[in-house]
Each structure stands twice: as structure tokens, then as C-alpha cells.
>>> print(open('query_33.csv').read())   # CSV, C-alpha atoms
chain,number,residue,atom,x,y,z
M,1,MET,CA,156.0,73.7,209.5
M,2,THR,CA,159.3,72.8,207.9
M,3,ASP,CA,161.4,75.5,206.2
M,4,ILE,CA,160.3,75.3,202.6
M,5,SER,CA,163.1,77.5,201.5
M,6,LEU,CA,165.5,74.6,202.2
M,7,THR,CA,165.5,71.6,199.9
M,8,ASP,CA,166.8,68.3,201.2
M,9,TYR,CA,170.1,69.1,199.5
M,10,GLU,CA,170.4,72.4,201.3
M,11,LEU,CA,169.3,70.9,204.6
M,12,TRP,CA,171.9,68.2,204.1
M,13,GLN,CA,174.7,70.8,203.6
M,14,ARG,CA,173.8,72.3,206.9
M,15,ILE,CA,173.7,69.0,208.6
M,16,ILE,CA,177.2,68.0,207.5
M,17,GLU,CA,178.4,71.4,208.7
M,18,GLY,CA,177.2,70.4,212.2
M,19,ASP,CA,173.8,72.2,212.3
M,20,SER,CA,171.7,70.2,214.8
M,21,LYS,CA,168.6,72.3,214.0
M,22,ALA,CA,168.7,71.2,210.4
M,23,TRP,CA,168.9,67.6,211.5
M,24,GLY,CA,165.8,68.2,213.7
M,25,ILE,CA,163.9,69.6,210.7
M,26,LEU,CA,164.9,66.6,208.6
M,27,VAL,CA,163.8,64.1,211.2
M,28,GLN,CA,160.5,65.9,211.6
M,29,LYS,CA,160.0,66.0,207.9
M,30,TYR,CA,160.5,62.3,207.2
M,31,GLN,CA,159.6,60.6,210.5
M,32,PRO,CA,156.1,59.6,209.3
M,33,LEU,CA,157.7,57.8,206.3
M,34,VAL,CA,160.3,55.9,208.4
M,35,TYR,CA,157.5,55.1,210.9
M,36,ALA,CA,155.3,53.7,208.2
M,37,VAL,CA,158.0,51.4,206.9
M,38,SER,CA,159.1,50.3,210.3
M,39,THR,CA,155.6,49.5,211.5
M,40,ARG,CA,154.3,47.8,208.3
M,41,ALA,CA,157.1,45.2,208.1
M,42,GLY,CA,155.7,42.6,210.5
M,43,LEU,CA,157.9,43.5,213.4
M,44,SER,CA,157.0,43.7,217.1
M,45,MET,CA,156.6,47.2,218.4
M,46,ALA,CA,159.9,47.0,220.2
M,47,ASP,CA,161.6,45.9,217.0
M,48,ALA,CA,159.8,48.6,215.0
M,49,ALA,CA,161.1,51.2,217.4
M,50,ASP,CA,164.6,49.7,216.9
M,51,CYS,CA,164.2,49.8,213.1
M,52,PHE,CA,163.1,53.5,213.3
M,53,GLN,CA,166.0,54.5,215.5
M,54,GLN,CA,168.6,52.4,213.6
M,55,THR,CA,167.5,54.0,210.3
M,56,TRP,CA,168.2,57.5,211.7
M,57,ILE,CA,171.5,56.4,213.4
M,58,LEU,CA,172.7,55.0,210.1
M,59,LEU,CA,171.7,58.2,208.2
M,60,PHE,CA,173.5,60.2,210.8
M,61,GLU,CA,176.6,58.0,210.7
M,62,HIS,CA,176.7,58.1,206.9
M,63,ARG,CA,176.1,61.8,206.6
M,64,LEU,CA,179.5,62.6,205.1
M,65,ARG,CA,179.3,59.7,202.6
M,66,LEU,CA,175.8,60.2,201.3
M,67,LYS,CA,176.1,60.5,197.5
M,68,ASP,CA,172.9,62.1,196.5
M,69,PRO,CA,171.1,64.1,199.3
M,70,SER,CA,168.3,65.0,196.9
M,71,ARG,CA,167.2,61.3,197.0
M,72,LEU,CA,167.1,61.3,200.8
M,73,SER,CA,163.6,59.9,201.1
M,74,ALA,CA,164.5,56.9,198.9
M,75,TRP,CA,167.6,56.3,201.0
M,76,LEU,CA,165.5,56.3,204.2
M,77,VAL,CA,163.0,53.9,202.8
M,78,THR,CA,165.6,51.5,201.5
M,79,THR,CA,167.6,51.6,204.8
M,80,ALA,CA,164.5,51.2,206.9
M,81,LYS,CA,163.4,48.2,204.8
M,82,ARG,CA,166.9,46.6,205.2
M,83,GLU,CA,166.8,47.1,208.9
M,84,ALA,CA,163.3,45.6,209.1
M,85,ILE,CA,164.5,42.5,207.2
M,86,ARG,CA,167.5,42.2,209.6
M,87,LEU,CA,165.3,42.6,212.7
M,88,ARG,CA,162.7,40.2,211.3
M,89,ARG,CA,165.4,37.5,210.8
M,90,ARG,CA,166.7,38.1,214.3
M,91,ALA,CA,163.1,37.7,215.7
M,92,ASP,CA,162.6,34.6,213.6
M,93,ARG,CA,165.8,33.0,214.9
M,94,ARG,CA,164.5,33.7,218.4
M,95,GLY,CA,161.1,32.3,217.6
M,96,GLU,CA,159.4,35.6,218.5
M,97,GLU,CA,156.0,36.5,217.4
M,98,PRO,CA,155.0,40.1,216.4
M,99,ASP,CA,152.8,41.9,219.0
M,100,TYR,CA,149.8,42.1,216.6
M,101,PRO,CA,150.2,39.2,214.2
M,102,SER,CA,146.8,39.8,212.5
M,103,LEU,CA,147.5,43.4,211.7
M,104,VAL,CA,151.0,43.3,210.2
M,105,ALA,CA,152.3,42.2,206.8
M,106,PRO,CA,153.9,38.7,206.7
M,107,GLU,CA,156.9,40.1,204.8
M,108,PRO,CA,158.6,43.5,204.8
M,109,LEU,CA,156.9,45.8,202.3
M,110,PRO,CA,157.4,45.1,198.6
M,111,ASP,CA,159.3,47.8,196.6
M,112,GLU,CA,156.1,49.0,194.8
M,113,GLU,CA,154.4,49.7,198.1
M,114,LEU,CA,157.6,51.4,199.4
M,115,GLU,CA,157.6,53.7,196.4
M,116,GLN,CA,154.0,54.6,197.1
M,117,LEU,CA,154.8,55.4,200.7
M,118,GLU,CA,157.6,57.6,199.5
M,119,CYS,CA,155.3,59.4,197.1
M,120,GLN,CA,152.7,59.8,199.8
M,121,ALA,CA,155.2,61.2,202.3
M,122,GLN,CA,156.4,63.7,199.7
M,123,LEU,CA,152.9,64.8,198.9
M,124,GLU,CA,152.1,65.2,202.6
M,125,ILE,CA,155.2,67.2,203.3
M,126,ALA,CA,154.2,69.5,200.4
M,127,LEU,CA,150.6,69.7,201.7
M,128,ARG,CA,151.9,70.8,205.1
M,129,GLU,CA,153.3,73.9,203.4
M,130,ILE,CA,150.2,75.0,201.7
M,131,ASP,CA,147.5,77.3,203.2
M,132,LEU,CA,144.6,75.7,205.1
M,133,ARG,CA,141.9,76.2,202.6
M,134,CYS,CA,143.9,74.6,199.8
M,135,ARG,CA,145.0,71.8,202.1
M,136,LYS,CA,141.4,71.0,202.9
M,137,VAL,CA,140.4,71.0,199.2
M,138,LEU,CA,143.3,68.9,198.1
M,139,GLU,CA,143.1,66.5,201.1
M,140,ALA,CA,139.4,66.0,200.4
M,141,PHE,CA,140.3,65.2,196.8
M,142,PHE,CA,143.4,63.1,197.3
M,143,PHE,CA,143.3,61.5,200.7
M,144,ALA,CA,139.6,60.9,201.4
M,145,PRO,CA,139.2,57.1,201.3
M,146,GLU,CA,135.9,57.5,199.4
M,147,GLU,CA,135.4,59.8,196.5
M,148,LYS,CA,133.5,62.9,197.4
M,149,SER,CA,131.2,64.9,195.2
M,150,TYR,CA,131.9,68.5,194.3
M,151,GLU,CA,129.0,69.5,196.6
M,152,GLU,CA,130.4,67.5,199.5
M,153,ILE,CA,133.9,68.9,199.2
M,154,ALA,CA,132.5,72.4,198.8
M,155,GLY,CA,130.5,71.8,202.0
M,156,ILE,CA,133.6,70.5,203.9
M,157,CYS,CA,135.7,73.5,202.8
M,158,GLY,CA,133.0,76.1,203.2
M,159,ILE,CA,133.0,77.4,199.7
M,160,SER,CA,130.5,77.5,196.9
M,161,VAL,CA,130.3,74.7,194.4
M,162,ASN,CA,130.9,77.1,191.5
M,163,SER,CA,134.2,78.4,192.9
M,164,LEU,CA,135.5,74.9,193.8
M,165,GLY,CA,136.8,74.2,190.3
M,166,PRO,CA,138.9,77.3,190.0
M,167,ILE,CA,140.1,77.1,193.6
M,168,ARG,CA,141.1,73.5,193.1
M,169,MET,CA,143.0,74.5,190.0
M,170,ARG,CA,144.9,77.3,191.9
M,171,CYS,CA,145.6,75.0,194.8
M,172,LEU,CA,147.0,72.3,192.5
M,173,ALA,CA,149.3,75.0,190.9
M,174,LYS,CA,150.4,76.0,194.4
M,175,LEU,CA,151.0,72.4,195.3
M,176,LYS,CA,153.0,71.8,192.2
M,177,ASN,CA,155.2,74.8,192.8
M,178,ILE,CA,155.9,73.6,196.3
M,179,LEU,CA,156.7,70.1,195.0
M,180,ILE,CA,159.1,71.6,192.4
M,181,LYS,CA,160.7,73.8,195.0
M,182,MET,CA,161.2,70.8,197.3
M,183,GLY,CA,162.8,68.8,194.4
M,184,TYR,CA,160.0,66.2,194.4
M,185,LEU,CA,158.7,67.1,191.0
M,186,GLU,CA,160.4,68.3,187.8
M,187,GLU,CA,159.4,71.5,186.3
M,188,ARG,CA,157.6,71.2,182.9
M,189,LYS,CA,158.5,74.0,180.6
M,190,ASP,CA,155.5,73.7,178.2
M,191,ASP,CA,151.9,73.0,178.6
M,192,LYS,CA,151.2,70.8,175.6
M,193,ARG,CA,148.5,68.4,175.2
M,194,THR,CA,150.7,65.5,175.9
M,195,LEU,CA,152.2,65.3,179.4
P,1,MET,CA,134.9,71.0,175.4
P,2,SER,CA,132.6,68.8,177.5
P,3,GLU,CA,131.3,70.8,180.5
P,4,ARG,CA,131.8,68.1,183.1
P,5,HIS,CA,135.3,67.6,184.5
P,6,LEU,CA,136.5,64.1,185.1
P,7,ASP,CA,135.8,62.8,188.6
P,8,ARG,CA,138.4,61.1,190.8
P,9,LYS,CA,137.5,57.6,189.6
P,10,GLU,CA,137.8,58.6,185.9
P,11,LEU,CA,141.1,60.4,186.6
P,12,ILE,CA,142.5,57.3,188.3
P,13,GLU,CA,141.4,55.2,185.4
P,14,ALA,CA,143.0,57.7,182.9
P,15,SER,CA,146.2,57.7,184.9
P,16,LYS,CA,146.3,53.9,184.7
P,17,LYS,CA,145.7,53.8,181.0
P,18,TYR,CA,147.9,56.8,180.1
P,19,LYS,CA,150.4,56.0,177.4
P,20,GLY,CA,151.7,59.4,176.4
P,21,LYS,CA,148.7,60.8,174.5
P,22,LEU,CA,145.6,62.5,175.7
P,23,THR,CA,142.2,62.3,174.1
P,24,GLY,CA,138.7,63.5,174.7
P,25,HIS,CA,138.0,65.9,177.6
P,26,LEU,CA,141.6,65.6,178.9
P,27,ALA,CA,143.1,66.9,175.6
P,28,LYS,CA,141.0,70.1,176.0
P,29,CYS,CA,140.8,70.7,179.7
P,30,ARG,CA,143.9,72.1,181.4
P,31,GLU,CA,142.4,71.6,184.9
P,32,CYS,CA,141.9,67.8,184.5
P,33,ARG,CA,145.3,67.6,182.7
P,34,GLU,CA,147.1,69.2,185.6
P,35,THR,CA,145.4,66.8,188.0
P,36,LEU,CA,146.2,63.8,185.9
P,37,GLU,CA,149.9,64.9,185.8
P,38,LEU,CA,150.0,64.9,189.5
P,39,LEU,CA,148.3,61.6,189.8
P,40,LEU,CA,150.8,60.0,187.4
P,41,LYS,CA,153.7,61.2,189.6
P,42,PHE,CA,151.9,60.6,192.9
P,43,PRO,CA,149.5,57.6,192.6
P,44,VAL,CA,148.3,57.8,196.2
P,45,VAL,CA,144.7,58.8,195.8
P,46,GLY,CA,142.4,57.5,198.5
P,47,GLN,CA,145.2,56.5,200.9
P,48,LEU,CA,145.0,57.7,204.4
P,49,THR,CA,147.6,60.2,205.6
P,50,LEU,CA,150.8,58.8,207.1
P,51,ARG,CA,150.8,58.8,210.9
P,52,ASP,CA,153.4,60.5,213.0
P,53,ALA,CA,155.8,58.3,215.0
P,54,PRO,CA,155.4,58.4,218.8
P,55,ALA,CA,156.9,61.6,220.2
P,56,GLY,CA,159.5,59.7,222.2
P,57,TRP,CA,160.8,58.0,219.1
P,58,VAL,CA,161.1,61.3,217.2
P,59,SER,CA,162.9,63.2,220.0
P,60,LYS,CA,165.3,60.3,220.4
P,61,ALA,CA,166.1,60.5,216.7
P,62,MET,CA,166.4,64.3,216.9
P,63,ALA,CA,168.8,64.1,219.8
P,64,LEU,CA,171.3,62.2,217.7
P,65,ALA,CA,172.8,65.4,216.4
P,66,GLU,CA,173.0,66.9,219.9
P,67,LYS,CA,175.0,64.1,221.5
P,68,LYS,CA,178.5,65.3,221.7
P,69,THR,CA,179.9,61.8,221.4
P,70,ALA,CA,178.0,61.2,218.2
P,71,LEU,CA,178.5,64.6,216.6
P,72,LYS,CA,182.1,64.9,215.7
P,73,ARG,CA,181.9,68.5,214.7
P,74,VAL,CA,183.3,69.2,211.3
P,75,SER,CA,185.7,72.1,211.3
P,76,GLN,CA,185.6,74.7,208.6
P,77,ALA,CA,188.4,76.5,206.9
P,78,LEU,CA,188.8,79.1,204.2
P,79,ALA,CA,191.4,78.3,201.5
P,80,GLN,CA,193.5,81.0,200.1
P,81,LEU,CA,194.0,81.6,196.4
P,82,ILE,CA,197.8,81.5,195.8
P,83,PHE,CA,198.0,81.3,192.0
P,84,ASP,CA,195.7,82.5,189.2
P,85,SER,CA,196.9,82.3,185.7
P,86,TRP,CA,194.5,85.1,184.7
P,87,ALA,CA,196.5,87.4,186.9
P,88,MET,CA,199.6,86.7,184.9
P,89,PRO,CA,200.5,87.8,181.4
P,90,GLU,CA,199.8,85.0,178.9
P,91,PRO,CA,202.8,83.6,177.0
P,92,VAL,CA,203.5,84.8,173.4
P,93,GLY,CA,201.5,82.7,171.0
P,94,VAL,CA,198.4,82.1,173.1
P,95,ARG,CA,197.3,85.7,173.2
P,96,GLY,CA,194.5,87.0,171.0
P,97,PRO,CA,190.8,86.3,170.5
P,98,GLY,CA,191.3,82.9,168.8
P,99,ALA,CA,192.9,81.3,171.8
P,100,ILE,CA,191.1,78.6,173.8
P,101,GLU,CA,190.1,80.2,177.1
P,102,HIS,CA,191.7,78.4,180.0
P,103,ARG,CA,192.6,79.3,183.6
P,104,ARG,CA,194.7,77.6,186.2
P,105,LEU,CA,194.2,78.2,189.9
P,106,ARG,CA,195.8,77.0,193.1
P,107,PHE,CA,194.3,77.2,196.5
P,108,GLU,CA,195.9,76.3,199.8
P,109,VAL,CA,194.9,75.8,203.4
P,110,SER,CA,196.6,74.0,206.3
P,111,GLY,CA,198.8,71.7,204.3
P,112,ILE,CA,196.2,70.9,201.7
P,113,THR,CA,196.4,72.2,198.1
P,114,MET,CA,193.8,72.2,195.4
P,115,ASP,CA,194.8,72.8,191.7
P,116,LEU,CA,192.1,73.6,189.3
P,117,ARG,CA,192.2,73.9,185.6
P,118,ALA,CA,189.2,75.2,183.6
P,119,GLU,CA,189.2,75.1,179.8
P,120,GLN,CA,186.4,76.5,177.7
P,121,THR,CA,185.5,74.6,174.5
P,122,LYS,CA,182.9,75.8,172.1
P,123,LYS,CA,179.8,75.3,174.3
P,124,GLU,CA,181.0,74.2,177.7
P,125,TRP,CA,183.7,74.3,180.3
P,126,SER,CA,185.8,71.3,181.1
P,127,ILE,CA,187.1,71.3,184.7
P,128,VAL,CA,189.9,69.2,186.1
P,129,ALA,CA,190.9,69.6,189.8
P,130,ARG,CA,193.2,67.8,192.1
P,131,ILE,CA,193.5,67.8,195.8
P,132,ALA,CA,196.8,67.0,197.5
P,133,GLY,CA,198.4,67.0,200.9
P,134,ASN,CA,197.3,65.7,204.3
P,135,TYR,CA,193.6,65.1,204.2
P,136,LEU,CA,191.1,62.6,205.3
P,137,ALA,CA,189.3,61.0,202.4
P,138,PRO,CA,186.7,60.7,201.0
P,139,ALA,CA,187.0,64.1,199.3
P,140,VAL,CA,183.9,65.6,197.7
P,141,LEU,CA,184.1,68.8,195.7
P,142,LEU,CA,180.9,70.8,195.9
P,143,SER,CA,180.6,73.0,192.8
P,144,ASP,CA,177.6,75.3,193.1
P,145,ARG,CA,174.8,72.7,193.3
P,146,ASP,CA,176.7,69.6,192.0
P,147,GLU,CA,178.9,67.1,193.9
P,148,HIS,CA,182.0,65.5,192.4
P,149,TYR,CA,183.8,62.7,194.1
P,150,ALA,CA,187.6,62.4,194.0
P,151,ASP,CA,189.2,59.3,192.4
P,152,GLU,CA,192.0,57.4,194.2
P,153,ASP,CA,194.5,60.1,193.1
P,154,GLY,CA,192.4,63.0,194.4
P,155,MET,CA,191.3,64.0,190.9
P,156,PHE,CA,187.9,65.5,190.1
P,157,GLN,CA,186.7,66.0,186.5
P,158,TRP,CA,183.5,67.4,185.1
P,159,VAL,CA,182.0,69.4,182.2
P,160,GLY,CA,179.6,72.2,182.7
P,161,GLN,CA,177.8,74.9,180.8
P,162,ARG,CA,179.4,77.5,183.1
P,163,PRO,CA,182.7,77.6,185.1
P,164,PRO,CA,182.2,77.1,188.9
P,165,ARG,CA,181.7,80.1,191.1
P,166,HIS,CA,181.3,78.6,194.6
P,167,LEU,CA,183.5,75.7,195.5
P,168,LYS,CA,183.7,73.8,198.7
P,169,ILE,CA,185.8,70.7,199.5
P,170,ARG,CA,184.1,68.3,202.0
P,171,LEU,CA,186.5,66.0,203.8
P,172,LEU,CA,185.8,63.6,206.6
P,173,ASP,CA,186.8,66.0,209.3
P,174,LYS,CA,186.6,69.4,207.7
P,175,ILE,CA,184.9,71.6,205.1
P,176,ILE,CA,187.1,73.9,203.1
P,177,GLU,CA,185.5,76.8,201.4
P,178,LEU,CA,187.3,78.3,198.4
P,179,PRO,CA,187.1,82.0,197.6
P,180,GLU,CA,184.3,82.9,195.2
P,181,LEU,CA,185.5,82.7,191.6
P,182,VAL,CA,184.9,85.6,189.2
P,183,TRP,CA,185.1,84.6,185.5
P,184,LYS,CA,185.6,88.0,184.0
P,185,LYS,CA,189.0,88.1,182.5
P,186,PRO,CA,190.9,91.2,183.5
P,187,ARG,CA,191.6,93.6,180.6
P,188,ARG,CA,195.2,94.2,179.8
P,189,LYS,CA,196.7,97.4,178.3
>>> encode(input="query_33.csv", output="C-alpha cells")
Amino acid sequence: MTDISLTDYELWQRIIEGDSKAWGILVQKYQPLVYAVSTRAGLSMADAADCFQQTWILLFEHRLRLKDPSRLSAWLVTTAKREAIRLRRRADRRGEEPDYPSLVAPEPLPDEELEQLECQAQLEIALREIDLRCRKVLEAFFFAPEEKSYEEIAGICGISVNSLGPIRMRCLAKLKNILIKMGYLEERKDDKRTL
Amino acid sequence: MSERHLDRKELIEASKKYKGKLTGHLAKCRECRETLELLLKFPVVGQLTLRDAPAGWVSKAMALAEKKTALKRVSQALAQLIFDSWAMPEPVGVRGPGAIEHRRLRFEVSGITMDLRAEQTKKEWSIVARIAGNYLAPAVLLSDRDEHYADEDGMFQWVGQRPPRHLKIRLLDKIIELPELVWKKPRRK
């Protein structure tokens, strides 16, 4: 579990002060995101590993020049994509084929898909901080590939169907608080009928 | 209010069609509204969770900060306040309640000086600061939770609702912490 009391900005302050533990927390936090971008860009596994490492090296080297540490996930996505493009061109020049040509995208991910990956990573980071029951309820709702009925979700989570609605509501509120604390979601001051 | 909450498919549809106004069940049901809000910001429903990178890749990335050659440890220093205009009597003509509130400060540490001028207008504070001396650019001034970048002459400028309390200067090779600033003007007899 990452330290929720630290936002990316606060983590960053520690990193530039030389705190290697903070760097480790940051890598753990965003490694699935960088991995997703590196492995979905049509690279061989060796190049995907290079793309992954190079992204972290660049972040580390730029640590004193990063302008907005609160947009760290976007920085990582953009840098990993650029690295993927560079490595892809290098592989093309050499006439190399990816290891699994049928499984990978012919082009590095389009921006829309990258934004989705970033959203997904942020949501998953927040979900890691929530209690197990809430995580189960929200994961069943958000991440299950097929829609599940209230009865099915209640069964998976071991709670009654009647209490699922209020529990889901409380879990959503908890999730939102975590997302706000982490700086991934802006706090809404009112609860009007328009969002 | 209709008894039945919107199911996932209906909520996804609603998030795709949402144009700023809510109607029907969504206008009345806070639970569905909360869910919709989340879906608008995080349109990732039905996607499988992201997978972890292989452990070896992760530990190699984590080790970057531990390599002595890579981590040029940034030194830290605490600057000293060497001038504060609020500690001096104000000149004749600017005393009294009608005067614009302003304060000038100077900090110094190992050959680097930082001059700061804070001026209060009706609703906000206008801050101008300048770093001078032997320092390695780029210079970034961290003011509470904001960052300000120096121009070519080492000048920082910003406007805020409150004057800064905690200031740090981040240079390429060091971080200079400034003493905490208290903005309660000392009373004079």
C-alpha cells in the first residue's frame, strides 16, 4: 500500500531532496501504467523493457526540472509513448519484428487510449487504498468485463442485496475522498442537480 | 423517484450523452448521480485492471535512486533573515491605517541572497522576489504549495490571497529553506 498521506507533489518534494524511499513509492505506484504503455506499443519484449527503464531514467534525470509534479502520471505516459516511438523506429530501421506480432498494436497507443490508461491507473491506485469490502464492491462494478447484477455482486462480496446500494454509495464516497486527497479529482463544493 | 437505480449499461449511456443537465431518475437520485460523476471523470468501466510490470523491471527502476553515481545528493541549507522592514520604524508619511501594507525582506546563505517584497492591495498580496549571487540555475521558489520559476534575471513574481509563510528555493545542487514568515505586524508604542 502506498502512503496515501503523500500526494504526488509531496512525494516529489521528498524525491528532489534525495529521499530514495519516496522514489521507490513513486515507482511502485505508477509502474503498472508505464508497463501498460510500454507493452502496448508494438515493441518486442526487450524493447518494451528498454522503454520502461528509459522512462524512469528520464524522470529521475529530470527530477529537478519537472514543472508540475501534480501531473506526474501524464508526464510518464507522454514520455513512455515518446520512448516507444523512438524504439519502434529503431527496430523498423533494423528490420526487427516484435516478439508477438499478432498481440500488439501496429502503432504506439493513440492519445485517447493513453488518457484512458492514465485514468485507469489513477482509479486503481485509489482503489488500492480502500478497505477490502469496498474494493470488492467497486471492482465488481467498475472492472468486471461483463455487467453483474446486484444479486451477483452481493454474492461475490458476501453481503445482502438490500444493503448493497447503501454500501456502494458509502464506498463511492470513500473512493472519491481518496481521489481528491491524491489530487486526481477536484472537490465539488455543492451537490446540485447538474454535475 | 423511480425505485430502480440505473444499471451499469444505462449509466455508461448517460455518461456518453451527458451535456451538463440531468433529467429523470438521475436528477432525483444522489447515488446514481455520484456514480455518473465518477464515470465522467474515469471512463474505464469494464476494463481489466492494469498488470504489474515484472518484478525485475520494477526493482531496476527503484534502484535508480540508490545508485550513488546517479543520485547527486542535493544539499540543504537554511537561509538567515538579515533584513525585515517590519522590524524597522516606518518613515514619516507612510505610517497610519490608510497606508498600503508592504514588507521587504532579505535572506542570505552561502553567498546567495534573496530579496522579497510583499505588497498588500485590496484583496490580494503581490509578491516580487529576486535571487542573486553564485547559484546554479534553474531557480525555483516553492511558496507553500505553489512553484514559481525565476526569469533570466532571477526574478519571481506572483499574486496570492495570502502572503507566503513557508518558502524554499530549489536550485540545481541545493535546496535553501527560508525561515517561516509570520505576517503579524509588530505593534509599536
>>> closest_residue(input="query_33.csv", among="M:Leu87, M:Ile153, M:Ser73, M:Glu124", to="Thr39 (chain M)", atoms="all atoms listed in the file")
M:Leu87
>>> residues_around(input="query_33.csv", residues="Leu138 (chain M)", least_positions_apart="4", cutoff="8 Å", atoms="only C-alpha atoms", output="number ranges by chain")
M: 134, 142-143, 168, 171-172
>>> atom_distance(input="query_33.csv", atom1="CA of Asp144 (chain P)", atom2="CA of Tyr30 (chain M)")
25.7 Å
>>> interface_residues(input="query_33.csv", of="chain M", to="chain P", cutoff="6 Å", atoms="all atoms listed in the file", output="PDB file with C-alpha atoms, keeping the file's coordinate frame")
ATOM      1  CA  GLU M  17     178.400  71.400 208.700  1.00  0.00           C
ATOM      2  CA  GLY M  18     177.200  70.400 212.200  1.00  0.00           C
ATOM      3  CA  SER M  20     171.700  70.200 214.800  1.00  0.00           C
ATOM      4  CA  GLY M  24     165.800  68.200 213.700  1.00  0.00           C
ATOM      5  CA  PRO M  32     156.100  59.600 209.300  1.00  0.00           C
ATOM      6  CA  TYR M  35     157.500  55.100 210.900  1.00  0.00           C
ATOM      7  CA  CYS M 119     155.300  59.400 197.100  1.00  0.00           C
ATOM      8  CA  PHE M 142     143.400  63.100 197.300  1.00  0.00           C
ATOM      9  CA  PHE M 143     143.300  61.500 200.700  1.00  0.00           C
ATOM     10  CA  ALA M 144     139.600  60.900 201.400  1.00  0.00           C
ATOM     11  CA  PRO M 145     139.200  57.100 201.300  1.00  0.00           C
ATOM     12  CA  MET M 169     143.000  74.500 190.000  1.00  0.00           C
ATOM     13  CA  ARG M 193     148.500  68.400 175.200  1.00  0.00           C
ATOM     14  CA  THR M 194     150.700  65.500 175.900  1.00  0.00           C
TER      15      THR M 194
END
>>> residues_near_point(input="query_33.csv", point="(184.7, 79.8, 178.3)", cutoff="6 Å", atoms="only C-alpha atoms", output="PyMOL selection string")
chain P and resi 101+120+125
>>> atom_distance(input="query_33.csv", atom1="CA of Ile176 (chain P)", atom2="CA of Pro163 (chain P)")
18.9 Å
>>> residues_around(input="query_33.csv", residues="Glu177 (chain P)", least_positions_apart="2", cutoff="10 Å", atoms="all atoms listed in the file", output="PyMOL selection string")
chain P and resi 76-80+109+141-142+166-170+174-175+179-180
>>> closest_residue(input="query_33.csv", among="P:Ala55, P:Met155, P:Leu178, P:Ile12", to="Leu105 (chain P)", atoms="only C-alpha atoms")
P:Leu178
>>> atom_distance(input="query_33.csv", atom1="CA of Ile85 (chain M)", atom2="CA of Arg40 (chain M)")
11.5 Å
>>> residues_around(input="query_33.csv", residues="Ala74 (chain M)", least_positions_apart="3", cutoff="9 Å", atoms="only C-alpha atoms", output="MDAnalysis selection string")
chainID M and resid 71 77:79 114:115 118
>>> closest_residue(input="query_33.csv", among="M:Ile15, M:Val37, M:Ile57, M:Ile25", to="Arg82 (chain M)", atoms="all atoms listed in the file")
M:Val37
>>> decode(input="query_33.csv", residues="region 76-91 of chain P", atoms="C-alpha atoms", output="mmCIF file, in the first residue's frame")
data_model
loop_
_atom_site.group_PDB
_atom_site.id
_atom_site.type_symbol
_atom_site.label_atom_id
_atom_site.label_comp_id
_atom_site.auth_asym_id
_atom_site.auth_seq_id
_atom_site.Cartn_x
_atom_site.Cartn_y
_atom_site.Cartn_z
ATOM 1 C CA GLN P 76 20.236 21.593 2.044
ATOM 2 C CA ALA P 77 20.805 24.922 3.691
ATOM 3 C CA LEU P 78 18.868 27.248 5.916
ATOM 4 C CA ALA P 79 18.936 30.904 4.950
ATOM 5 C CA GLN P 80 19.129 33.624 7.529
ATOM 6 C CA LEU P 81 16.844 36.619 7.680
ATOM 7 C CA ILE P 82 19.127 39.640 7.621
ATOM 8 C CA PHE P 83 16.650 42.445 6.991
ATOM 9 C CA ASP P 84 12.962 42.890 7.746
ATOM 10 C CA SER P 85 11.328 46.251 7.114
ATOM 11 C CA TRP P 86 8.637 45.455 9.688
ATOM 12 C CA ALA P 87 11.306 45.379 12.325
ATOM 13 C CA MET P 88 12.242 48.965 11.445
ATOM 14 C CA PRO P 89 10.244 52.143 12.182
ATOM 15 C CA GLU P 90 8.353 53.285 9.101
ATOM 16 C CA PRO P 91 9.305 56.607 7.575
#
